[in-house]
Structures are given as structure tokens and as C-alpha cells.
Amino acid sequence: MKPDQTVLITGGAGFIGSHLVDSLVERVKRVVVLDKRKPGKEWKNAKAVYKVGDVRDAVLEETVRKYKPTTIFHLAAHVDDRESVHEPVMNADHNIMGSLHVFNAAKKYGVKKVVLASTGVVYGQQGAMPITTDAPTHPMTPYAISKLTAENYLRFYKSVYGFSFAALRLGNVYGPRQDGSVECGAIAIFSSRFLAGEQVYVNNDGKTTRDYVHVSDVVQAFILAATSETSGVYNVGTGIGTDTLKLYELVQDAVGVQSQPNWRADIADELKHVALDSTLTTKELGWTPKVTVEDGIEETVAWYRQS
Amino acid sequence: MKVVVTGGAGFIGSHIVDRLIALGHEVLVIDHHKKDRRRFPNPQAVVHKTDFGHDDILGLLQSEQPDAILHLAAQISVTKSVADPVFDAQVNIMSSVALLDAARKAGVQRFVFASSGGAIYGDHPERPTPELMDVRPISPYGLSKQTFERYLMHYSKKHSMQSVILRLANAYGPRQLPGGEAAVIPLFLRELLTDGQAKIFGDGGATRDFIFIDDIVDAFIAAIEGTFSGVANIASGEETSVLELLNALKEIHGEPHEHVHLEDRVGEIQKSVLNPERAKRELGWESKTDLRDGLKKTYDWFREFTNDTE
């Protein structure tokens with residue numbers, strides 16, 4: 001990725017994608033977004049070109065052919081891990097077939113690099129924390145399987161067609177613009193509910209841990225991955241697992257309320273602990289996370305308060 | 001038992017169907033039948049001439065209420081998967097997951113999947129190769145097979161479905177024909193029996209683990225009759241070079257035959273042999289057919305089939 005080039009972001013109207021667009025418009029000549037949804041008014045970047053459409057449809061190839069991007073950031077996906085258990089076919093169609101369409105178009109029109117938004121849940125339950133990229137993968141949900149499969153197709157496309165790739169195995173991304181009304185993103189849900197004075201639930205024993213990584217750090221990882229000459233799979237996390245109860249307390253403090261959590265035992269989280277070791281990402285891409293979960297939560301709560 | 005066999009008119013599927021019927025089971029075949037001369041439907045089986053991934057598969061399974069599904073229908077060509085990974089994924093992942101999801105919704109308790117040892121392990125340094133899970137197949141075909149295995153294991157755990165993944169070595173036997181999956185034995189037989197020229201890619205030192213069709217059928221029967229859930233190699237455990245194989249076939253043929261060596265194909269697996277210990281332990285299964293006996297039966301069938309259809 002160089003300043004005089006064009007890049008395409010699938011899913012660029014979403015939470016992570018919109019932040020990535022804001023950063024990219026300052027770095028490259030043209031930023032093209034393909035997303036099923038139109039971007040929210042306040043998030044729409046005036047310097048970017050927006051196309052509304054699904055990566056599984058002909059519009060993907062038309063967009064790649066017309067704009068000739070040198071880099072594709074592939075973020076469009078069905079990302080609800082729990083829902084994927086009930087809708088595995090729909091999930092696979094978005095995340096496997098959708099990705100294959102993107103990789104095929106990349107091959108056909110000479111795209112140099114594909115950066116895929118993957119996920120730390122591909123590892124499944126591991127013994128040792130934080131998890132390094134050489135740990136064996138044990139995906140436990142259709143969502144995790146679909147993302148791992150997309151990564152593996154990228155390896156094939158690289159070996160046969162030569163374009164380079166980076167698959168970023170993201171921790172739990174949070175920050176401004178994350179939608180707290182849907183059932184994913186604990187920080188978003190906690191923040192918006194506390195601020196609205198609604199009941200806040202903590203699942204099971206509150207000891208499930210995740211690696212919460214701020215969206216600004218994630219954007220930086222995407223940009224470094226696109227700029228780098230290397231190919232590979234990289235963890236994007238802080239290396240620290242934060243449990244749900246601790247998260248509850250941090251958000252509560254940031255909001256300035258005091259209450260006891262409502263425990264909810266019926267939601268099974270088979271995957272108990274995730275913390276991602278980003279040593280390789282630091283070494284090969286020069287990436288390190290800058291925002292601590294404490295500071296990130298302060299900032300995120302402030303954003304929810306305003307919006 | 002009522003058993004659904006997808007791809008039940010193909011090479012492996014049709015032999016399984018024949019055995020199931022001989023054992024008194026009720027069999028429903030789902031098979032696309034695109035090339036009728038290459039399909040071998042059992043007249044006693046109910047055959048649904050359709051793709052297994054079609055929209056009404058759930059309705060069919062709900063009304064039939066089978067006890068088990070044996071899933072053999074697939075896109076089976078490695079070469080085609082490299083040329084068109086999207087088509088391969090559509091069949092081997094999407095349609096297969098749709099079938100699995102329909103099976104779960106219809107309350108099917110057992111699901112047996114014909115996977116591939118060679119394509120999943122590739123040239124793995126550990127030989128005979130055990131049931132490794134975190135390997136990286138080279139071809140889209142190997143990748144799509146591995147991906148469906150992962151879905152099946154997820155279903156097995158999440159929905160308490162008994163699921164058996166049989167990673168087959170190189171299958172051979174009557175009804176296997178040249179073309180399609182590019183299996184080497186029918187190609188050699190065709191050349192031997194038409195006075196052509198058998199082609200060996202490379203020096204003939206590449207090895208394979210050949211497993212006879214009757215042994216494969218035994219494994220599928222053991223899978224539906226037992227309680228094992230998991231992954232098992234179905235293999236002879238014997239490593240045979242392509243040149244040894246051709247020489248054995250020449251001996252059976254009994255007439256002089258000049259073969260030719262061509263340049264090795266890119267990406268061809270060099271050494272492949274699978275460890276069948278787990279199948280022995282968990283399924284009480286073992287390979288019984290000696291390679292020479294299996295080849296003789298295959299040769300005889302092939303000669304008759306070719307004569308009949310000329």
C-alpha cells in the first residue's frame with residue numbers, strides 16, 4: 001500500500017471498518033468502501049467512495065474491476081459467534097464463500113495484498129495464555145471454523161497466485177461506534193445499558209476472560225499489515241485477559257454508578273479464556289497496542305455519553 | 001436400520017449400498033446421476049435423483065426419518081478444486097453443511113463422512129500418518145474436506161450427534177473408472193487393456209496406501225453399527241510405490257507392456273501411508289484384502305466392464 005494507490009474496504013461502513021476508512025483517507029489516493037449497509041451519517045467519510053452491495057454478488061467484481069485497488073481490506077462478515085451456532089449455513093456463506101469471491105477477484109485483477117479480519121477465537125480453548133500464533137487451532141463454533149477456513153484459502157491463493165496476505169486474529173475489539181444494542185461487544189453493551197439506566201447482566205460466574213483491544217490499535221494493525229511486505233497470520237491483542245466482572249466494574253466506575261450485577265447463568269460460554277500474544281506482530285509488523293483497557297473504557301464511555 | 005447414502009450410486013457408495021441391502025437395511029440413495037454409465041444404483045434401493053444440497057433435503061429427511069446418513073457425495077477432483085476452488089467449496093463445504101444442518105433438524109442420530117487421508121495430510125513427515133488434526137492441506141480439495149470435518153465435530157459435540165469421520169487412503173476396486181478423481185489404478189488398467197501406454201509421472205517412486213473397496217465397506221458398516229464418534233484412518237498401513245503397483249498389474253495382465261515416464265506433476269504428493277491403528281482399536285476394523293488379490297479382482301471386473309460396454 002502506497003500513497004498514490006487505491007484501496008478497497010469491504011465492510012467499511014461497520015464499526016471497525018469506518019475507523020479504518022477515516023485513517024486510510026489520510027494515507028492513500030482513494031478509498032473505496034463496499035458494504036451491505038449505508039454508513040451512518042456521522043460516520044460517513046466525505047473523502048471515501050461508498051458502494052452498497054454484498055461481497056457475494058457481482059458488485060464485488062465490478063468494484064474491483066472499476067477501481068483497481070492494490071490492497072483489499074476484507075472486513076465484511078457475519079460476526080455473531082453465538083448466532084453462527086444456529087445459522088451455520090448462513091454464516092459459512094458470508095464468511096467462506098464471501099471471502100472466496102473476494103480472493104478470486106483479487107487474483108483476477110492483480111491485487112497485491114489482501115488483509116483479512118480474522119479472530120482470536122480460531123484457537124478455541126488453549127491451556128497456556130497468552131496464545132501464540134503457532135498454537136494448534138481448535139475452532140469451537142461455526143464462526144470460528146469459517147474464519148479459519150478463510151485464512152487457509154488465503155494461504156492457498158498466496159502459494160498459487162503469489163499475492164501476499166495478512167490475516168489478523170483480533171481480540172475483542174471495542175471503542176466508539178460499536179453498537180451496544182446487539183448481543184456482542186461486552187463493553188458496548190455495558191456502557192450503553194449503564195448510561196440508559198438499564199439492567200446489566202453478567203453471564204455465568206463472570207470469570208470468562210477476553211482480550212479487549214481498542215479499535216484505534218486495531219486500525220493501526222491493519223495499516224501496518226497492508227504496508228508490510230510479509231505475509232502471515234498475526235495476533236492483534238494486548239496479551240491481557242480481562243474477566244467479565246472486572247469489565248463490569250471498570251465500566252461502572254467510568255459511568256459513575258454503583259450497582260450489583262444481575263447474574264445470568266443460562267448463556268454458555270464454552271470458550272473460557274482468550275489472551276493473545278502479539279510478539280510476532282510486533283516483530284514482523286512493528287505493531288504494539290497503545291491503549292490500556294482502563295483508558296479505553298474511559299474514552300469509550302465518554303463517547304457513548306455524548307451520542 | 002434406515003440409512004441414507006449420498007453419492008450412493010458412485011464407486012464407493014454403490015458398494016456400501018449393496019452391502020447394506022444384503023444385511024437387510026432399508027436404503028435411500030441420494031445421487032445426482034449425471035453420468036449414468038458411471039453410476040451403479042442398486043435396484044432395491046430407493047433412489048432420489050438429485051443433488052444432496054438441494055433445498056428440500058430437510059423435508060426429505062423429516063419425512064423419511066433415517067437412523068443414519070453416510071455422506072459420500074462430493075466434488076472429488078483435486079485438479080478441479082485448484083482450478084475452481086469456489087465450486088469445490090460450494091459442494092464440499094456449503095452443500096455438506098446444509099445437509100448436516102438438515103440432518104440435525106430432522107433428528108438424525110448418526111452421520112458418517114467419507115473424508116480423505118492423502119489430501120488432508122499431504123506429504124507429512126510422520127509416516128504412517130496418524131489422525132492429525134491441525135494440519136494444513138495444500139489443495140482446496142483437502143481444505144474443503146478438512147473444513148467439513150470441523151463442522152461435523154462441532155455438531156457432534158454441540159448437538160450430541162454420533163459422527164464418524166473416515167479418512168480414506170487411496171481407494172480402489174471394481175466400479176472405479178478412469179477420469180474424475182484421477183485414481184491411478186483405473187488409468188493403468190485402461191492402458192493395459194487397450195494396448196496403450198501407462199504413464200508414470202516422475203520416477204515411479206511416489207508411494208500410496210491402497211485400500212480395497214470391500215475393506216472400505218466393512219469400515220462404513222462398523223461405523224454405523226458401533227458407538228465410536230471421532231476420526232479414524234481407513235487404510236492398509238502399507239506403502240506401495242507407483243512402479244511396484246504397475247508391475248503387479250502387469251503381472252496379472254500377463255502380456256508385455258511398455259510404460260512411459262513423464263515429468264513429475266507440480267504439487268503431487270510424494271509419500272503417503274496412513275496409520276490404521278485407531279480404526280482397529282475403536283471400530284474393530286482392519287484391512288483384510290491383500291493388494292495382489294484386490295488388484296486381481298479389480299482387473300477382472302475392469303476387463304469385463306470394458307468388454308461389455310464397447
# chains A, B, ... in the order shown; residues from 1 in each chain; ligands from 1
call {"tool": "interface_residues", "arguments": {"of": "chain A", "to": "chain B", "cutoff": "7 Å", "atoms": "only C-alpha atoms", "output": "mmCIF file with C-alpha atoms, in the first residue's frame"}}
result
data_model
loop_
_atom_site.group_PDB
_atom_site.id
_atom_site.type_symbol
_atom_site.label_atom_id
_atom_site.label_comp_id
_atom_site.auth_asym_id
_atom_site.auth_seq_id
_atom_site.Cartn_x
_atom_site.Cartn_y
_atom_site.Cartn_z
ATOM 1 C CA VAL A 89 -25.020 -22.239 6.633
ATOM 2 C CA LEU A 100 -13.531 -16.741 -1.707
ATOM 3 C CA PRO A 136 -2.799 -25.543 17.258
ATOM 4 C CA THR A 137 -6.244 -24.309 16.256
ATOM 5 C CA MET A 140 -15.350 -24.433 18.579
ATOM 6 C CA THR A 141 -18.109 -22.603 16.707
ATOM 7 C CA PRO A 142 -19.190 -22.286 13.064
ATOM 8 C CA ILE A 145 -14.428 -22.507 11.661
ATOM 9 C CA THR A 149 -11.170 -21.611 6.630
ATOM 10 C CA PHE A 156 -3.610 -21.362 -0.971
#
call {"tool": "select_by_dssp", "arguments": {"residues": "segment 20-114 of chain B", "states": "strand (DSSP E or B)", "output": "list in words"}}
result
Glu26, Val27, Leu28, Val29, Ile30, Asp31, Val46, Val47, His48, Lys49, Ala68, Ile69, Leu70, His71, Arg110, Phe111, Val112, Phe113 and Ala114 of chain B
call {"tool": "residues_around", "arguments": {"residues": "segment 245-253 of chain B", "least_positions_apart": "5", "cutoff": "10 Å", "atoms": "only C-alpha atoms", "output": "PyMOL selection string"}}
result
chain B and resi 184-185+188-189+192-193+198-200+204+207-208+210+240+258-259+291-293+295-296+298-300
call {"tool": "residues_around", "arguments": {"residues": "segment 64-73 of chain B", "least_positions_apart": "2", "cutoff": "6 Å", "atoms": "only C-alpha atoms", "output": "number ranges by chain"}}
result
B: 2-7, 61-62, 108, 110-114
call {"tool": "write_last_selection", "arguments": {"atoms": "C-alpha atoms", "output": "PDB file, in the first residue's frame"}}
result
ATOM      1  CA  LYS B   2     -32.910 -46.925   7.627  1.00  0.00           C
ATOM      2  CA  VAL B   3     -29.809 -45.442   6.024  1.00  0.00           C
ATOM      3  CA  VAL B   4     -29.375 -42.531   3.630  1.00  0.00           C
ATOM      4  CA  VAL B   5     -26.338 -42.773   1.369  1.00  0.00           C
ATOM      5  CA  THR B   6     -25.384 -39.645  -0.582  1.00  0.00           C
ATOM      6  CA  GLY B   7     -23.420 -40.463  -3.699  1.00  0.00           C
ATOM      7  CA  LEU B  61     -35.083 -36.253   5.941  1.00  0.00           C
ATOM      8  CA  GLN B  62     -38.021 -35.196   8.110  1.00  0.00           C
ATOM      9  CA  VAL B 108     -30.795 -37.913  12.610  1.00  0.00           C
ATOM     10  CA  ARG B 110     -25.649 -40.790  13.148  1.00  0.00           C
ATOM     11  CA  PHE B 111     -23.577 -39.165  10.479  1.00  0.00           C
ATOM     12  CA  VAL B 112     -20.647 -40.867   8.753  1.00  0.00           C
ATOM     13  CA  PHE B 113     -18.430 -38.818   6.464  1.00  0.00           C
ATOM     14  CA  ALA B 114     -16.043 -40.091   3.795  1.00  0.00           C
TER      15      ALA B 114
END
call {"tool": "atom_distance", "arguments": {"atom1": "atom CA of Val29 of chain B", "atom2": "atom CA of Met161 of chain B"}}
result
21.1 Å
call {"tool": "closest_residue", "arguments": {"among": "A:His138, A:Arg210, A:Lys107, A:His19", "to": "Leu170 of chain A", "atoms": "only C-alpha atoms"}}
result
A:Arg210
call {"tool": "residues_around", "arguments": {"residues": "Ser229 of chain B", "least_positions_apart": "4", "cutoff": "6 Å", "atoms": "only C-alpha atoms", "output": "list in words"}}
result
Gln162, Ser163 and Val164 of chain B
call {"tool": "residues_around", "arguments": {"residues": "Gln178 of chain A", "least_positions_apart": "5", "cutoff": "8 Å", "atoms": "only C-alpha atoms", "output": "PyMOL selection string"}}
result
chain A and resi 15+185+188
call {"tool": "write_last_selection", "arguments": {"atoms": "N, CA and C atoms", "output": "mmCIF file, in the first residue's frame"}}
result
data_model
loop_
_atom_site.group_PDB
_atom_site.id
_atom_site.type_symbol
_atom_site.label_atom_id
_atom_site.label_comp_id
_atom_site.auth_asym_id
_atom_site.auth_seq_id
_atom_site.Cartn_x
_atom_site.Cartn_y
_atom_site.Cartn_z
ATOM 1 N N PHE A 15 -18.380 -0.996 12.286
ATOM 2 C CA PHE A 15 -17.677 -0.431 13.436
ATOM 3 C C PHE A 15 -16.176 -0.276 13.172
ATOM 4 N N GLY A 185 -19.969 -7.642 22.047
ATOM 5 C CA GLY A 185 -19.223 -6.474 22.484
ATOM 6 C C GLY A 185 -19.627 -6.086 23.883
ATOM 7 N N ALA A 188 -19.467 -2.334 24.885
ATOM 8 C CA ALA A 188 -20.531 -1.554 24.257
ATOM 9 C C ALA A 188 -21.859 -1.781 24.977
#
call {"tool": "residues_around", "arguments": {"residues": "Ser84 of chain A", "least_positions_apart": "3", "cutoff": "10 Å", "atoms": "only C-alpha atoms", "output": "list of chain:residue names"}}
result
A:His78, A:Val79, A:Asp80, A:Asp81, A:Glu87, A:Pro88, A:Val89, A:Met90, A:Asn91, A:Ala92, A:Thr141, A:Pro142, A:Tyr143, A:Ala144, A:Ser146
call {"tool": "decode", "arguments": {"residues": "segment 103-122 of chain B", "atoms": "N, CA and C atoms", "output": "JSON list (two decimals), in the first residue's frame"}}
result
[["chain", "number", "residue", "atom", "x", "y", "z"],
["B", 103, "ALA", "N", -29.87, -32.66, 8.74],
["B", 103, "ALA", "CA", -29.84, -33.93, 9.49],
["B", 103, "ALA", "C", -30.11, -33.66, 10.97],
["B", 104, "ARG", "N", -29.48, -32.62, 11.48],
["B", 104, "ARG", "CA", -29.67, -32.27, 12.89],
["B", 104, "ARG", "C", -31.12, -31.87, 13.15],
["B", 105, "LYS", "N", -31.66, -31.03, 12.26],
["B", 105, "LYS", "CA", -33.04, -30.57, 12.43],
["B", 105, "LYS", "C", -34.03, -31.71, 12.32],
["B", 106, "ALA", "N", -33.71, -32.70, 11.49],
["B", 106, "ALA", "CA", -34.61, -33.84, 11.32],
["B", 106, "ALA", "C", -34.39, -34.89, 12.41],
["B", 107, "GLY", "N", -33.43, -34.65, 13.29],
["B", 107, "GLY", "CA", -33.20, -35.57, 14.41],
["B", 107, "GLY", "C", -32.41, -36.82, 14.05],
["B", 108, "VAL", "N", -31.62, -36.76, 12.99],
["B", 108, "VAL", "CA", -30.79, -37.91, 12.61],
["B", 108, "VAL", "C", -29.68, -38.07, 13.66],
["B", 109, "GLN", "N", -29.49, -39.29, 14.13],
["B", 109, "GLN", "CA", -28.55, -39.53, 15.24],
["B", 109, "GLN", "C", -27.13, -39.85, 14.81],
["B", 110, "ARG", "N", -26.98, -40.36, 13.57],
["B", 110, "ARG", "CA", -25.65, -40.79, 13.15],
["B", 110, "ARG", "C", -25.28, -40.20, 11.81],
["B", 111, "PHE", "N", -24.04, -39.76, 11.73],
["B", 111, "PHE", "CA", -23.58, -39.16, 10.48],
["B", 111, "PHE", "C", -22.16, -39.67, 10.22],
["B", 112, "VAL", "N", -21.98, -40.34, 9.08],
["B", 112, "VAL", "CA", -20.65, -40.87, 8.75],
["B", 112, "VAL", "C", -20.16, -40.16, 7.49],
["B", 113, "PHE", "N", -18.95, -39.63, 7.55],
["B", 113, "PHE", "CA", -18.43, -38.82, 6.46],
["B", 113, "PHE", "C", -17.19, -39.46, 5.84],
["B", 114, "ALA", "N", -17.20, -39.58, 4.52],
["B", 114, "ALA", "CA", -16.04, -40.09, 3.80],
["B", 114, "ALA", "C", -15.07, -38.95, 3.54],
["B", 115, "SER", "N", -14.02, -38.90, 4.35],
["B", 115, "SER", "CA", -13.01, -37.87, 4.17],
["B", 115, "SER", "C", -11.80, -38.46, 3.46],
["B", 116, "SER", "N", -10.75, -37.67, 3.36],
["B", 116, "SER", "CA", -9.60, -38.13, 2.59],
["B", 116, "SER", "C", -8.31, -38.01, 3.40],
["B", 117, "GLY", "N", -7.62, -39.11, 3.56],
["B", 117, "GLY", "CA", -6.34, -39.08, 4.27],
["B", 117, "GLY", "C", -5.27, -38.36, 3.49],
["B", 118, "GLY", "N", -5.05, -38.82, 2.26],
["B", 118, "GLY", "CA", -3.97, -38.27, 1.44],
["B", 118, "GLY", "C", -4.07, -36.76, 1.26],
["B", 119, "ALA", "N", -5.26, -36.27, 0.91],
["B", 119, "ALA", "CA", -5.41, -34.84, 0.62],
["B", 119, "ALA", "C", -5.27, -33.99, 1.88],
["B", 120, "ILE", "N", -5.62, -34.56, 3.02],
["B", 120, "ILE", "CA", -5.51, -33.77, 4.26],
["B", 120, "ILE", "C", -4.07, -33.77, 4.78],
["B", 121, "TYR", "N", -3.41, -34.92, 4.77],
["B", 121, "TYR", "CA", -2.05, -34.98, 5.32],
["B", 121, "TYR", "C", -0.98, -34.50, 4.35],
["B", 122, "GLY", "N", -1.23, -34.62, 3.06],
["B", 122, "GLY", "CA", -0.22, -34.26, 2.07],
["B", 122, "GLY", "C", 1.05, -35.07, 2.29]]
